[in-house]
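A.B. asks: Just coords_26.cif, nothing more (mmCIF, C-alpha atoms):
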```
data_query
#
loop_
_atom_site.group_PDB
_atom_site.id
_atom_site.type_symbol
_atom_site.label_atom_id
_atom_site.label_comp_id
_atom_site.auth_asym_id
_atom_site.auth_seq_id
_atom_site.Cartn_x
_atom_site.Cartn_y
_atom_site.Cartn_z
ATOM 1 C CA MET P 91 6.939 -14.231 -32.160
ATOM 2 C CA LYS P 92 8.042 -13.200 -28.681
ATOM 3 C CA VAL P 93 5.747 -10.834 -26.773
ATOM 4 C CA VAL P 94 6.906 -8.890 -23.734
ATOM 5 C CA THR P 95 4.267 -7.288 -21.528
ATOM 6 C CA ASP P 96 4.493 -4.594 -18.919
ATOM 7 C CA PRO P 97 6.329 -6.145 -15.920
ATOM 8 C CA THR P 98 3.647 -4.835 -13.544
ATOM 9 C CA ILE P 99 0.950 -6.963 -15.230
ATOM 10 C CA GLN P 100 0.560 -10.274 -13.400
ATOM 11 C CA GLY P 101 -2.380 -11.740 -15.258
ATOM 12 C CA MET P 102 -5.152 -11.072 -17.727
ATOM 13 C CA SER P 103 -8.636 -12.536 -18.072
ATOM 14 C CA GLY P 104 -11.241 -12.021 -20.749
ATOM 15 C CA ARG P 105 -10.953 -10.814 -24.312
ATOM 16 C CA PHE P 106 -9.217 -7.616 -25.262
ATOM 17 C CA PRO P 107 -10.528 -4.898 -24.975
ATOM 18 C CA LYS P 108 -12.412 -4.748 -21.657
ATOM 19 C CA SER P 109 -10.429 -7.596 -20.193
ATOM 20 C CA ARG P 110 -9.342 -7.444 -16.587
ATOM 21 C CA LEU P 111 -5.685 -6.831 -15.776
ATOM 22 C CA VAL P 112 -4.147 -7.576 -12.397
ATOM 23 C CA MET P 113 -1.225 -5.220 -11.850
ATOM 24 C CA ASN P 114 1.392 -4.816 -9.134
ATOM 25 C CA HIS P 115 1.407 -1.682 -7.021
ATOM 26 C CA ARG P 116 3.517 -0.887 -3.983
ATOM 27 C CA ASP P 117 0.389 -1.233 -1.797
ATOM 28 C CA GLY P 118 -0.651 -4.561 -3.304
ATOM 29 C CA LYS P 119 -2.427 -5.814 -6.393
ATOM 30 C CA THR P 120 -4.679 -3.529 -8.424
ATOM 31 C CA VAL P 121 -7.361 -4.588 -10.885
ATOM 32 C CA THR P 122 -7.921 -2.433 -13.934
ATOM 33 C CA HIS P 123 -9.497 -2.799 -17.358
ATOM 34 C CA ALA P 124 -7.581 -3.019 -20.646
ATOM 35 C CA ARG P 125 -8.560 -0.540 -23.323
ATOM 36 C CA SER P 126 -7.842 -0.543 -27.009
ATOM 37 C CA TYR P 127 -6.101 2.361 -28.722
ATOM 38 C CA VAL P 128 -8.503 4.892 -30.211
ATOM 39 C CA ILE P 129 -7.498 7.334 -32.938
ATOM 40 C CA PRO P 130 -8.738 10.772 -31.837
ATOM 41 C CA ASP P 131 -11.437 12.217 -34.045
ATOM 42 C CA ASN P 132 -10.867 15.825 -32.994
ATOM 43 C CA VAL P 133 -7.277 16.560 -33.981
ATOM 44 C CA ALA P 134 -7.594 20.333 -33.391
ATOM 45 C CA GLN P 135 -8.577 19.717 -29.767
ATOM 46 C CA GLN P 136 -5.646 17.346 -29.330
ATOM 47 C CA GLU P 137 -3.248 19.946 -30.761
ATOM 48 C CA ALA P 138 -4.654 22.653 -28.467
ATOM 49 C CA PHE P 139 -4.138 20.394 -25.442
ATOM 50 C CA LYS P 140 -0.587 19.632 -26.598
ATOM 51 C CA ASP P 141 0.189 23.381 -26.701
ATOM 52 C CA LYS P 142 -1.187 23.852 -23.183
ATOM 53 C CA LEU P 143 0.780 20.941 -21.801
ATOM 54 C CA LEU P 144 3.964 22.084 -23.545
ATOM 55 C CA ALA P 145 3.761 25.427 -21.704
ATOM 56 C CA VAL P 146 3.260 23.647 -18.363
ATOM 57 C CA VAL P 147 6.157 21.223 -18.986
ATOM 58 C CA THR P 148 8.517 24.024 -20.042
ATOM 59 C CA THR P 149 7.614 26.067 -16.973
ATOM 60 C CA TYR P 150 8.088 23.076 -14.662
ATOM 61 C CA HIS P 151 11.559 22.381 -16.029
ATOM 62 C CA ALA P 152 12.531 26.044 -15.603
ATOM 63 C CA ALA P 153 11.404 26.104 -11.959
ATOM 64 C CA ASP P 154 13.984 26.734 -9.286
ATOM 65 C CA SER P 155 14.951 23.778 -7.065
ATOM 66 C CA LEU P 156 13.681 25.589 -3.949
ATOM 67 C CA PHE P 157 10.257 25.947 -5.583
ATOM 68 C CA ILE P 158 10.280 22.211 -6.334
ATOM 69 C CA SER P 159 11.197 21.426 -2.711
ATOM 70 C CA ASP P 160 8.187 23.488 -1.565
ATOM 71 C CA LEU P 161 6.060 21.545 -4.019
ATOM 72 C CA VAL P 162 7.355 18.279 -2.522
ATOM 73 C CA ASN P 163 6.563 19.476 1.014
ATOM 74 C CA TYR P 164 2.992 20.260 -0.007
ATOM 75 C CA LEU P 165 2.776 16.997 -1.956
ATOM 76 C CA LYS P 166 3.628 14.877 1.093
ATOM 77 C CA GLN P 167 0.781 16.400 3.078
ATOM 78 C CA TYR P 168 -1.585 16.216 0.090
ATOM 79 C CA ASN P 169 -0.935 12.496 -0.375
ATOM 80 C CA GLN P 170 -1.378 11.834 3.368
ATOM 81 C CA GLN P 171 -4.519 13.914 3.872
ATOM 82 C CA ILE P 172 -6.362 13.943 0.529
ATOM 83 C CA VAL P 173 -5.423 10.837 -1.471
ATOM 84 C CA GLY P 174 -7.369 7.769 -0.341
ATOM 85 C CA ASP P 175 -6.019 4.267 0.123
ATOM 86 C CA ASP P 176 -7.699 3.172 -3.099
ATOM 87 C CA GLN P 177 -5.987 5.908 -5.152
ATOM 88 C CA LEU P 178 -2.462 6.220 -6.491
ATOM 89 C CA PRO P 179 -0.491 8.992 -4.780
ATOM 90 C CA LEU P 180 0.278 12.063 -6.861
ATOM 91 C CA THR P 181 3.778 12.935 -7.988
ATOM 92 C CA LYS P 182 5.216 16.456 -7.797
ATOM 93 C CA TYR P 183 4.891 16.803 -11.561
ATOM 94 C CA ALA P 184 1.256 15.640 -11.598
ATOM 95 C CA LEU P 185 0.466 18.011 -8.740
ATOM 96 C CA PHE P 186 2.050 20.915 -10.627
ATOM 97 C CA VAL P 187 0.032 20.122 -13.757
ATOM 98 C CA LYS P 188 -3.183 19.804 -11.719
ATOM 99 C CA ALA P 189 -2.559 23.138 -9.969
ATOM 100 C CA CYS P 190 -1.633 24.984 -13.181
ATOM 101 C CA PHE P 191 -4.748 23.842 -15.014
ATOM 102 C CA GLY P 192 -6.897 24.621 -11.961
ATOM 103 C CA ALA P 193 -5.438 28.117 -11.580
ATOM 104 C CA ALA P 194 -5.796 28.804 -15.318
ATOM 105 C CA GLU P 195 -9.458 27.794 -15.205
ATOM 106 C CA THR P 196 -10.132 29.892 -12.098
ATOM 107 C CA ASN P 197 -8.486 33.003 -13.546
ATOM 108 C CA THR P 198 -9.643 32.409 -17.158
ATOM 109 C CA TYR P 199 -6.032 32.480 -18.320
ATOM 110 C CA ASP P 200 -4.746 31.095 -21.626
ATOM 111 C CA ILE P 201 -2.252 28.597 -20.255
ATOM 112 C CA THR P 202 -0.390 28.377 -23.588
ATOM 113 C CA LEU P 203 1.103 31.815 -22.751
ATOM 114 C CA MET P 204 2.588 30.648 -19.427
ATOM 115 C CA THR P 205 6.349 30.752 -18.805
ATOM 116 C CA ALA P 206 8.422 30.811 -15.633
ATOM 117 C CA LEU P 207 8.983 34.545 -16.082
ATOM 118 C CA ASN P 208 5.297 35.491 -16.399
ATOM 119 C CA PHE P 209 4.013 32.750 -14.060
ATOM 120 C CA SER P 210 2.331 35.070 -11.569
ATOM 121 C CA ALA P 211 1.073 37.722 -13.986
ATOM 122 C CA GLY P 212 -1.864 35.903 -15.551
ATOM 123 C CA LEU P 213 -1.969 32.398 -14.147
ATOM 124 C CA LEU P 214 -1.964 33.529 -10.525
ATOM 125 C CA ASN P 215 -3.819 36.789 -11.125
ATOM 126 C CA GLY P 216 -0.844 38.880 -9.985
ATOM 127 C CA ASP P 217 -0.184 36.970 -6.741
ATOM 128 C CA SER P 218 3.342 35.894 -5.856
ATOM 129 C CA ASP P 219 4.747 33.027 -7.932
ATOM 130 C CA THR P 220 5.106 30.572 -5.060
ATOM 131 C CA VAL P 221 3.588 27.132 -4.403
ATOM 132 C CA PHE P 222 1.260 28.627 -1.785
ATOM 133 C CA TYR P 223 -0.355 31.023 -4.245
ATOM 134 C CA LEU P 224 -0.392 28.386 -6.978
ATOM 135 C CA ILE P 225 -2.449 26.019 -4.836
ATOM 136 C CA SER P 226 -4.682 28.764 -3.478
ATOM 137 C CA ASN P 227 -5.416 30.100 -6.993
ATOM 138 C CA ALA P 228 -6.164 26.545 -8.120
ATOM 139 C CA GLY P 229 -8.701 26.145 -5.311
ATOM 140 C CA MET P 230 -6.700 23.389 -3.630
ATOM 141 C CA PRO P 231 -6.686 23.047 0.180
ATOM 142 C CA ALA P 232 -3.921 24.770 2.169
ATOM 143 C CA LEU P 233 -3.495 21.663 4.394
ATOM 144 C CA GLY P 234 -2.277 23.787 7.290
ATOM 145 C CA PHE P 235 0.432 25.575 5.306
ATOM 146 C CA GLU P 236 0.828 29.339 5.475
ATOM 147 C CA ALA P 237 2.227 31.637 2.787
ATOM 148 C CA ALA P 238 5.579 31.967 4.605
ATOM 149 C CA GLU P 239 6.111 28.176 4.626
ATOM 150 C CA LEU P 240 5.802 27.796 0.838
ATOM 151 C CA ALA P 241 7.427 31.107 -0.117
ATOM 152 C CA ASN P 242 10.159 30.097 -2.592
ATOM 153 C CA ARG P 243 9.540 31.628 -6.017
ATOM 154 C CA ILE P 244 9.369 29.575 -9.209
ATOM 155 C CA ASP P 245 12.296 31.282 -10.922
ATOM 156 C CA LEU P 246 14.725 33.202 -8.731
ATOM 157 C CA THR P 247 16.848 34.219 -11.699
ATOM 158 C CA GLY P 248 13.996 35.908 -13.608
#
```
Written as structure tokens, how would this file's structure read?

C.D. replies:
Amino acid sequence: MKVVTDPTIQGMSGRFPKSRLVMNHRDGKTVTHARSYVIPDNVAQQEAFKDKLLAVVTTYHAADSLFISDLVNYLKQYNQQIVGDDQLPLTKYALFVKACFGAAETNTYDITLMTALNFSAGLLNGDSDTVFYLISNAGMPALGFEAAELANRIDLTG
């Protein structure tokens, strides 16, 4: 039988699970631990999380390109100022998910109801639907940005 592993894995030591993996990263080698697959015992919780994430993914894909470019501008500063050398840098998608969940928790909003058209109503507590208000509602640092610099709305057609 032929086995093909992830091309980023360079070596493995120990017995699976809890064996050490040495993986490639653009900043050098990273050591991590292998984990075995676990069947979730709380299916209802998994389904609820799936519904939340589906709303976030749908909203992200409906976002205007200018909103995404503002997200990228914030992301560059976030990765330079907040993410340490021992951490993987965030992507624009991961940053959007992090901010949406943070803003939903801050404003006690049911994130499964979120769409691009009602983005500011509940998630951002009525603030403008821009990256600046998304990060401020999520409790993330402004990193020197002002509202006018991240002012493109999530959905200009809506």

A.B. asks: Go through P:Thr149, P:Asn242, P:Thr196, P:Thr202 and flag the residue nearest P:Asp219, using all atoms listed in the file for the distances.

C.D. replies: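 Smallest separation from P:Asp219 among the options: P:Asn242.
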
A.B. asks: If the PyMOL selection byres ((chain P and resi 220-236) around 10) were run on this exact file, what residues would it hold? Put them as a PyMOL selection string.

C.D. replies: chain P and resi 156-164+167-168+171-172+185-186+188-197+209-210+213-219+237-245

A.B. asks: Would you list the contacts of P:Phe139 as a VMD selection string, taking every protein, DNA or RNA residue within 10 Å and counting all atoms listed in the file, but skipping same-chain residues closer than 5 positions in sequence?

C.D. replies: chain P and resid 133 to 134 144 201 to 202

A.B. asks: Find the distance between atom CA of P:Leu246 and atom CA of P:Thr198 and write it in Å to one decimal.

C.D. replies: 25.8 Å
